[in-house]
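Participant: Structure file structure.tsv, TSV, C-alpha atoms and all ligand atoms, is pasted below:
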```tsv
chain	number	residue	atom	x	y	z
Z	1	PHE	CA	-54.04	25.63	-11.38
Z	2	GLY	CA	-50.67	25.21	-13.03
Z	3	GLY	CA	-49.74	26.37	-16.51
Z	4	THR	CA	-50.62	23.08	-18.22
Z	5	SER	CA	-54.12	23.31	-16.75
Z	6	VAL	CA	-54.61	26.70	-18.44
Z	7	ALA	CA	-52.65	26.12	-21.65
Z	8	SER	CA	-55.52	27.00	-24.04
Z	9	ALA	CA	-59.14	28.16	-24.20
Z	10	GLU	CA	-60.22	24.55	-24.04
Z	11	ARG	CA	-58.22	24.05	-20.82
Z	12	TYR	CA	-59.70	27.21	-19.25
Z	13	ARG	CA	-63.15	25.84	-20.01
Z	14	HIS	CA	-62.23	22.60	-18.29
Z	15	VAL	CA	-60.93	24.51	-15.24
Z	16	ALA	CA	-64.15	26.53	-15.07
Z	17	ALA	CA	-66.22	23.34	-15.30
Z	18	LEU	CA	-64.22	21.76	-12.46
Z	19	LEU	CA	-64.74	24.84	-10.30
Z	20	LEU	CA	-68.45	25.13	-11.10
Z	21	GLN	CA	-69.02	21.49	-10.14
Z	22	ARG	CA	-68.21	22.27	-6.54
Z	23	GLY	CA	-70.57	23.79	-4.02
Z	24	GLU	CA	-68.50	26.13	-1.85
Z	25	ALA	CA	-70.11	29.42	-0.81
Z	26	THR	CA	-66.85	31.20	-1.61
Z	27	GLN	CA	-64.33	29.91	-4.08
Z	28	VAL	CA	-60.93	31.38	-4.83
Z	29	ALA	CA	-58.93	30.05	-7.79
Z	30	VAL	CA	-55.25	30.91	-8.13
Z	31	VAL	CA	-53.92	30.55	-11.68
Z	32	SER	CA	-50.53	30.33	-13.35
Z	33	ALA	CA	-49.67	31.82	-16.69
Z	34	MET	CA	-50.64	29.78	-19.76
Z	35	LYS	CA	-48.07	27.06	-20.35
Z	36	GLY	CA	-44.79	28.46	-21.69
Z	37	VAL	CA	-45.77	32.11	-21.29
Z	38	THR	CA	-43.40	32.92	-18.41
Z	39	ASP	CA	-40.47	31.52	-20.38
Z	40	ALA	CA	-41.60	33.50	-23.42
Z	41	LEU	CA	-41.80	36.74	-21.39
Z	42	ILE	CA	-38.32	36.23	-19.96
Z	43	ALA	CA	-36.98	35.52	-23.44
Z	44	LEU	CA	-38.67	38.70	-24.72
Z	45	ALA	CA	-37.07	40.82	-22.01
Z	46	ASN	CA	-33.64	39.35	-22.76
Z	47	LEU	CA	-34.03	39.87	-26.51
Z	48	ALA	CA	-35.00	43.51	-26.04
Z	49	ALA	CA	-32.21	44.12	-23.54
Z	50	ARG	CA	-29.72	42.76	-26.08
Z	51	GLY	CA	-31.13	45.15	-28.65
Z	52	ASP	CA	-32.33	42.26	-30.80
Z	53	VAL	CA	-35.26	43.58	-32.86
Z	54	GLN	CA	-36.69	40.06	-33.02
Z	55	TRP	CA	-38.47	40.92	-29.78
Z	56	ARG	CA	-41.21	42.60	-31.78
Z	57	GLN	CA	-42.06	39.37	-33.54
Z	58	ALA	CA	-41.99	37.36	-30.30
Z	59	TRP	CA	-44.18	40.00	-28.65
Z	60	GLN	CA	-46.65	39.69	-31.51
Z	61	VAL	CA	-46.78	35.90	-31.18
Z	62	LEU	CA	-47.50	36.14	-27.45
Z	63	ARG	CA	-50.17	38.76	-28.01
Z	64	GLU	CA	-51.80	36.61	-30.69
Z	65	ARG	CA	-51.85	33.60	-28.38
Z	66	HIS	CA	-53.72	35.57	-25.71
Z	67	HIS	CA	-56.03	37.13	-28.29
Z	68	LEU	CA	-56.87	33.69	-29.59
Z	69	ALA	CA	-57.63	32.35	-26.11
Z	70	ALA	CA	-59.81	35.39	-25.34
Z	71	THR	CA	-61.71	35.08	-28.61
Z	72	GLU	CA	-62.22	31.35	-28.24
Z	73	LEU	CA	-63.45	31.80	-24.66
Z	74	LEU	CA	-65.69	34.84	-25.02
Z	75	GLY	CA	-66.68	34.73	-28.69
Z	76	ALA	CA	-68.69	37.77	-29.73
Z	77	GLN	CA	-68.31	39.25	-26.23
Z	78	ALA	CA	-64.51	39.29	-26.33
Z	79	ALA	CA	-64.15	42.97	-27.31
Z	80	GLY	CA	-63.69	44.30	-23.77
Z	81	LEU	CA	-61.13	41.65	-22.86
Z	82	LEU	CA	-59.27	42.13	-26.15
Z	83	ALA	CA	-59.07	45.88	-25.52
Z	84	TRP	CA	-57.79	45.20	-22.00
Z	85	LEU	CA	-55.17	42.78	-23.36
Z	86	ASP	CA	-54.11	45.31	-26.01
Z	87	GLY	CA	-53.58	47.92	-23.29
Z	88	ARG	CA	-51.36	45.55	-21.32
Z	89	PHE	CA	-49.42	44.45	-24.37
Z	90	ASP	CA	-48.87	48.07	-25.41
Z	91	GLN	CA	-47.46	48.81	-21.95
Z	92	LEU	CA	-45.24	45.76	-22.30
Z	93	ALA	CA	-44.00	46.97	-25.69
Z	94	GLY	CA	-43.16	50.31	-24.07
Z	95	LEU	CA	-41.11	48.56	-21.42
Z	96	LEU	CA	-39.31	46.44	-24.00
Z	97	GLU	CA	-38.51	49.51	-26.08
Z	98	ALA	CA	-37.03	51.11	-22.97
Z	99	LEU	CA	-34.92	47.99	-22.35
Z	100	ALA	CA	-33.58	48.15	-25.89
Z	101	VAL	CA	-32.55	51.77	-25.29
Z	102	ILE	CA	-30.94	51.02	-21.91
Z	103	GLY	CA	-29.23	47.92	-23.29
Z	104	GLY	CA	-29.71	45.99	-20.06
Z	105	LEU	CA	-32.26	44.21	-17.94
Z	106	PRO	CA	-32.66	45.62	-14.43
Z	107	GLU	CA	-33.94	43.01	-11.95
Z	108	GLU	CA	-36.97	45.15	-11.21
Z	109	VAL	CA	-38.01	45.22	-14.87
Z	110	LEU	CA	-37.51	41.48	-15.24
Z	111	GLU	CA	-39.74	40.90	-12.21
Z	112	ARG	CA	-42.41	43.11	-13.71
Z	113	VAL	CA	-42.28	41.48	-17.14
Z	114	GLN	CA	-42.07	37.84	-16.09
Z	115	GLY	CA	-45.16	38.12	-13.90
Z	116	LEU	CA	-47.45	39.41	-16.65
Z	117	GLY	CA	-48.55	35.94	-17.78
Z	118	GLU	CA	-50.44	35.43	-14.53
Z	119	VAL	CA	-52.09	38.83	-14.90
Z	120	PHE	CA	-53.33	37.87	-18.39
Z	121	SER	CA	-54.34	34.38	-17.30
Z	122	ALA	CA	-56.44	35.52	-14.32
Z	123	GLN	CA	-58.26	37.99	-16.54
Z	124	LEU	CA	-59.03	35.26	-19.10
Z	125	LEU	CA	-60.56	32.91	-16.53
Z	126	GLY	CA	-62.36	35.71	-14.69
Z	127	GLY	CA	-63.74	37.07	-17.96
Z	128	TYR	CA	-64.99	33.64	-18.90
Z	129	PHE	CA	-66.82	33.18	-15.57
Z	130	ASN	CA	-68.45	36.57	-15.88
Z	131	GLN	CA	-69.54	35.82	-19.40
Z	132	LEU	CA	-71.10	32.56	-18.18
Z	133	GLY	CA	-73.11	34.65	-15.72
Z	134	HIS	CA	-71.10	33.71	-12.62
Z	135	ALA	CA	-70.05	36.98	-11.00
Z	136	CYS	CA	-66.31	36.83	-10.51
Z	137	ALA	CA	-63.74	39.27	-9.18
Z	138	VAL	CA	-60.18	39.18	-10.51
Z	139	LEU	CA	-57.56	39.86	-7.88
Z	140	ASP	CA	-54.15	41.01	-9.09
Z	141	ALA	CA	-51.98	39.72	-6.24
Z	142	ARG	CA	-49.66	42.69	-6.76
Z	143	GLU	CA	-52.41	44.79	-5.17
Z	144	VAL	CA	-52.46	42.90	-1.89
Z	145	LEU	CA	-49.66	40.40	-1.38
Z	146	VAL	CA	-46.56	41.85	0.32
Z	147	VAL	CA	-43.48	39.62	0.56
Z	148	ALA	CA	-39.82	39.83	1.49
Z	149	HIS	CA	-36.96	37.96	-0.15
Z	150	GLY	CA	-34.66	36.35	2.39
Z	151	GLU	CA	-32.05	33.64	2.67
Z	152	LEU	CA	-34.68	30.96	3.19
Z	153	GLY	CA	-36.77	32.12	0.25
Z	154	VAL	CA	-39.80	34.36	0.08
Z	155	SER	CA	-41.65	35.20	3.28
Z	156	VAL	CA	-45.06	36.80	3.51
Z	157	ASP	CA	-45.86	39.99	5.40
Z	158	TRP	CA	-49.08	38.50	6.75
Z	159	ALA	CA	-50.29	41.59	8.60
Z	160	ARG	CA	-49.97	43.93	5.62
Z	161	SER	CA	-51.24	41.38	3.13
Z	162	ALA	CA	-54.31	40.57	5.26
Z	163	ALA	CA	-55.09	44.27	5.72
Z	164	ASN	CA	-54.73	44.88	1.97
Z	165	LEU	CA	-56.95	41.90	1.19
Z	166	ALA	CA	-59.62	43.08	3.65
Z	167	SER	CA	-59.87	46.46	1.96
Z	168	TRP	CA	-59.84	44.89	-1.52
Z	169	ARG	CA	-62.58	42.48	-0.43
Z	170	ALA	CA	-64.73	45.36	0.81
Z	171	ASP	CA	-64.90	46.60	-2.79
Z	172	ASN	CA	-64.99	43.13	-4.38
Z	173	PRO	CA	-67.39	40.94	-2.41
Z	174	GLN	CA	-68.09	38.38	-5.18
Z	175	ALA	CA	-68.35	34.77	-4.05
Z	176	ARG	CA	-66.03	33.77	-6.85
Z	177	VAL	CA	-62.50	35.16	-7.11
Z	178	VAL	CA	-59.69	34.44	-9.56
Z	179	VAL	CA	-56.21	35.38	-8.31
Z	180	THR	CA	-52.90	35.75	-10.14
Z	181	GLY	CA	-50.32	33.23	-8.93
Z	182	PHE	CA	-46.59	33.95	-8.84
Z	183	VAL	CA	-46.72	37.77	-8.46
Z	184	ALA	CA	-46.51	40.06	-5.43
Z	185	ARG	CA	-44.93	43.28	-4.16
Z	186	ASP	CA	-42.01	43.77	-1.85
Z	187	GLY	CA	-42.02	45.93	1.28
Z	188	GLN	CA	-41.01	48.97	-0.79
Z	189	GLY	CA	-43.97	48.53	-3.10
Z	190	ARG	CA	-41.93	47.19	-6.01
Z	191	ILE	CA	-43.40	44.46	-8.18
Z	192	THR	CA	-41.81	41.08	-7.55
Z	193	THR	CA	-42.44	37.34	-7.93
Z	194	LEU	CA	-42.29	34.32	-5.65
Z	195	GLY	CA	-39.67	32.61	-7.85
Z	196	ARG	CA	-40.16	30.20	-10.74
Z	197	ASN	CA	-42.98	27.71	-10.22
Z	198	GLY	CA	-44.22	29.89	-7.38
Z	199	SER	CA	-47.93	29.63	-8.16
Z	200	ASP	CA	-48.49	26.64	-5.87
Z	201	TYR	CA	-46.99	28.74	-3.11
Z	202	SER	CA	-49.38	31.55	-4.08
Z	203	GLY	CA	-52.23	29.06	-3.76
Z	204	ALA	CA	-51.18	28.18	-0.22
Z	205	ILE	CA	-50.69	31.84	0.71
Z	206	PHE	CA	-54.11	32.85	-0.56
Z	207	ALA	CA	-55.73	29.83	1.08
Z	208	ALA	CA	-54.37	31.20	4.36
Z	209	LEU	CA	-55.30	34.81	3.60
Z	210	PHE	CA	-58.86	33.87	2.64
Z	211	GLN	CA	-59.01	31.50	5.64
Z	212	ALA	CA	-60.00	28.71	3.30
Z	213	ALA	CA	-61.29	25.41	4.64
Z	214	GLU	CA	-59.44	23.52	1.91
Z	215	LEU	CA	-56.68	24.01	-0.63
Z	216	HIS	CA	-56.58	21.95	-3.81
Z	217	ILE	CA	-53.46	22.06	-5.98
Z	218	TRP	CA	-54.42	21.15	-9.54
Z	219	THR	CA	-51.62	20.02	-11.72
Z	220	ASP	CA	-51.92	17.72	-14.70
Z	221	VAL	CA	-50.29	14.64	-13.21
Z	222	ASP	CA	-51.89	11.53	-11.71
Z	223	GLY	CA	-50.57	12.06	-8.20
Z	224	VAL	CA	-47.46	11.73	-6.07
Z	225	LEU	CA	-45.22	8.90	-7.22
Z	226	SER	CA	-43.05	6.61	-5.10
Z	227	ALA	CA	-39.94	7.84	-6.94
Z	228	ASP	CA	-38.93	10.13	-9.77
Z	229	PRO	CA	-40.33	8.27	-12.83
Z	230	ARG	CA	-37.54	9.58	-15.05
Z	231	VAL	CA	-35.06	7.68	-12.87
Z	232	VAL	CA	-37.25	4.81	-11.68
Z	233	PRO	CA	-39.68	3.88	-14.48
Z	234	GLU	CA	-41.52	1.34	-12.29
Z	235	ALA	CA	-42.52	4.05	-9.78
Z	236	VAL	CA	-46.16	3.79	-8.68
Z	237	THR	CA	-48.72	6.40	-7.64
Z	238	LEU	CA	-49.12	6.57	-3.87
Z	239	ASP	CA	-52.62	6.21	-2.42
Z	240	THR	CA	-51.91	8.29	0.67
Z	241	LEU	CA	-49.10	10.44	1.97
Z	242	SER	CA	-48.81	11.89	5.47
Z	243	TYR	CA	-48.05	15.53	6.04
Z	244	ASP	CA	-44.69	14.60	7.60
Z	245	GLU	CA	-43.74	12.46	4.61
Z	246	ALA	CA	-44.72	15.25	2.25
Z	247	CYS	CA	-42.58	17.68	4.28
Z	248	GLU	CA	-39.61	15.37	4.11
Z	249	LEU	CA	-39.98	14.85	0.36
Z	250	ALA	CA	-40.23	18.59	-0.19
Z	251	TYR	CA	-37.23	19.17	2.04
Z	252	PHE	CA	-35.17	16.79	-0.07
Z	253	GLY	CA	-36.22	18.56	-3.27
Z	254	ALA	CA	-39.06	16.42	-4.66
Z	255	LYS	CA	-41.24	18.40	-7.06
C	301	LIG	N1	-45.69	30.91	-14.36
C	301	LIG	C1	-44.67	30.84	-13.34
C	301	LIG	C2	-43.50	30.00	-13.82
C	301	LIG	O1	-43.53	29.52	-14.93
C	301	LIG	C3	-45.19	30.37	-12.02
C	301	LIG	C4	-45.76	28.98	-12.03
C	301	LIG	O2	-46.04	28.42	-13.07
C	301	LIG	O3	-45.94	28.41	-10.94
C	301	LIG	O4	-42.54	29.86	-13.12
C	302	MG	MG	-45.87	26.45	-13.88
```
Any chance you could put this one into structure tokens?

Facilitator:
Amino acid sequence: FGGTSVASAERYRHVAALLLQRGEATQVAVVSAMKGVTDALIALANLAARGDVQWRQAWQVLRERHHLAATELLGAQAAGLLAWLDGRFDQLAGLLEALAVIGGLPEEVLERVQGLGEVFSAQLLGGYFNQLGHACAVLDAREVLVVAHGELGVSVDWARSAANLASWRADNPQARVVVTGFVARDGQGRITTLGRNGSDYSGAIFAALFQAAELHIWTDVDGVLSADPRVVPEAVTLDTLSYDEACELAYFGAK
């Protein structure tokens, strides 16, 4: 589920309803950060690194937005999730304070900060499922997914990731799992990301790791169009698309 699909408490409820409608024995949902949150986190890190004290206000706004979503989703039962969020946001504030002191933004810190939206988002959806009485495990992909950054993009260390997932699964056997998109670790154990808009890729990776029968990419558009509608307004939605055609479109940069 992309960021637009989880932009607010109301959207999380819709996502949960979509997932609950289906009858799979095991269901794994990979989520993006709430819409705009990744950009906001990157902006926060840059503000702090520049020593601009405005970061505190921006941090507060982001925290409030997550608080609001948690409260709207869990109502009177939100206390645990709010405390969890506060812990994460306090850690984030600590990092930002450190950036302000250093006066720079090391790549490793940026990777850590920009991936937090997915960590929050997965906890929101997972918390909501649990509150509805549907046992749900939340998988922080940084605990299992090992990747390497190369010339052709991000590649997965399948053997290590599968072994990590197997041991995580032994402790978390729930039929329903919510996974953070976008985030991972590198071979040295450092937190990293799959690159902007990487959550669809996370979905495909986790479909493979969980040996899923099907992968559904939910994004709030009507389908694949015959052309870029910003350039060709009369573009139409395609009824079908072969795998080869999809490959070619992707190769040539279609979103
Ligand atoms: N939240 C991340 C981004 O904005 C990943 C994603 O949305 O796919 O790039
Ligand atoms: Mg996105």

Participant: Return the single residue from Z:Val31, Z:Ala25, Z:Val138, Z:Ala9 that is closest to ligand MG 302 (chain C), with distances computed using only C-alpha atoms and all ligand atoms.

Facilitator: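 Selected residue with least distance to ligand MG 302 (chain C): Z:Val31.
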
Participant: Using Å and a single decimal, report how far atom CA of Asp90 of chain Z sits from atom CA of Gly117 of chain Z.

Facilitator: 14.3 Å

Participant: Would you mind listing the residues within 8 Å of ligand MG 302 (chain C), counting all atoms listed in the file, as a list in words?

Facilitator: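 Here is the list of contacting residues: Gly2, Gly3, Thr4, Ser32, Ala33, Lys35, Arg196, Asn197, Gly198 and Ser199 of chain Z.
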
Participant: Mind listing the residues within 12 Å of ligand LIG 301 (chain C), all atoms listed in the file counted, as a VMD selection string?

Facilitator: chain Z and resid 1 to 7 30 to 42 111 113 to 122 180 to 184 193 to 204 217 to 219 255

Participant: At what distance in Å, to one decimal, does atom CA of Ile205 of chain Z lie from atom CA of Ala16 of chain Z?

Facilitator: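 Atom-to-atom, atom CA of Ala16 of chain Z to atom CA of Ile205 of chain Z, that is 21.4 Å.
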
Participant: Which polymer residues have any atom within 12 Å of an atom of Val61 of chain Z, counting only C-alpha atoms, with same-chain residues fewer than 5 positions away left out, as a PyMOL selection string?

Facilitator: chain Z and resi 37+40-41+44+54-56+66-68+89

Participant: For the atom pair atom CA of Gln21 of chain Z and atom CA of Arg176 of chain Z, what is the interatomic distance in Å to one decimal place?

Facilitator: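 Separation between atom CA of Gln21 of chain Z and atom CA of Arg176 of chain Z: 13.1 Å.
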
Participant: Determine the nearest neighbour of Arg185 of chain Z from the options Z:Val53, Z:Leu124, Z:Cys247, Z:Ala141, counting all atoms listed in the file.

Facilitator: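 Smallest separation from Arg185 of chain Z among the options: Z:Ala141.
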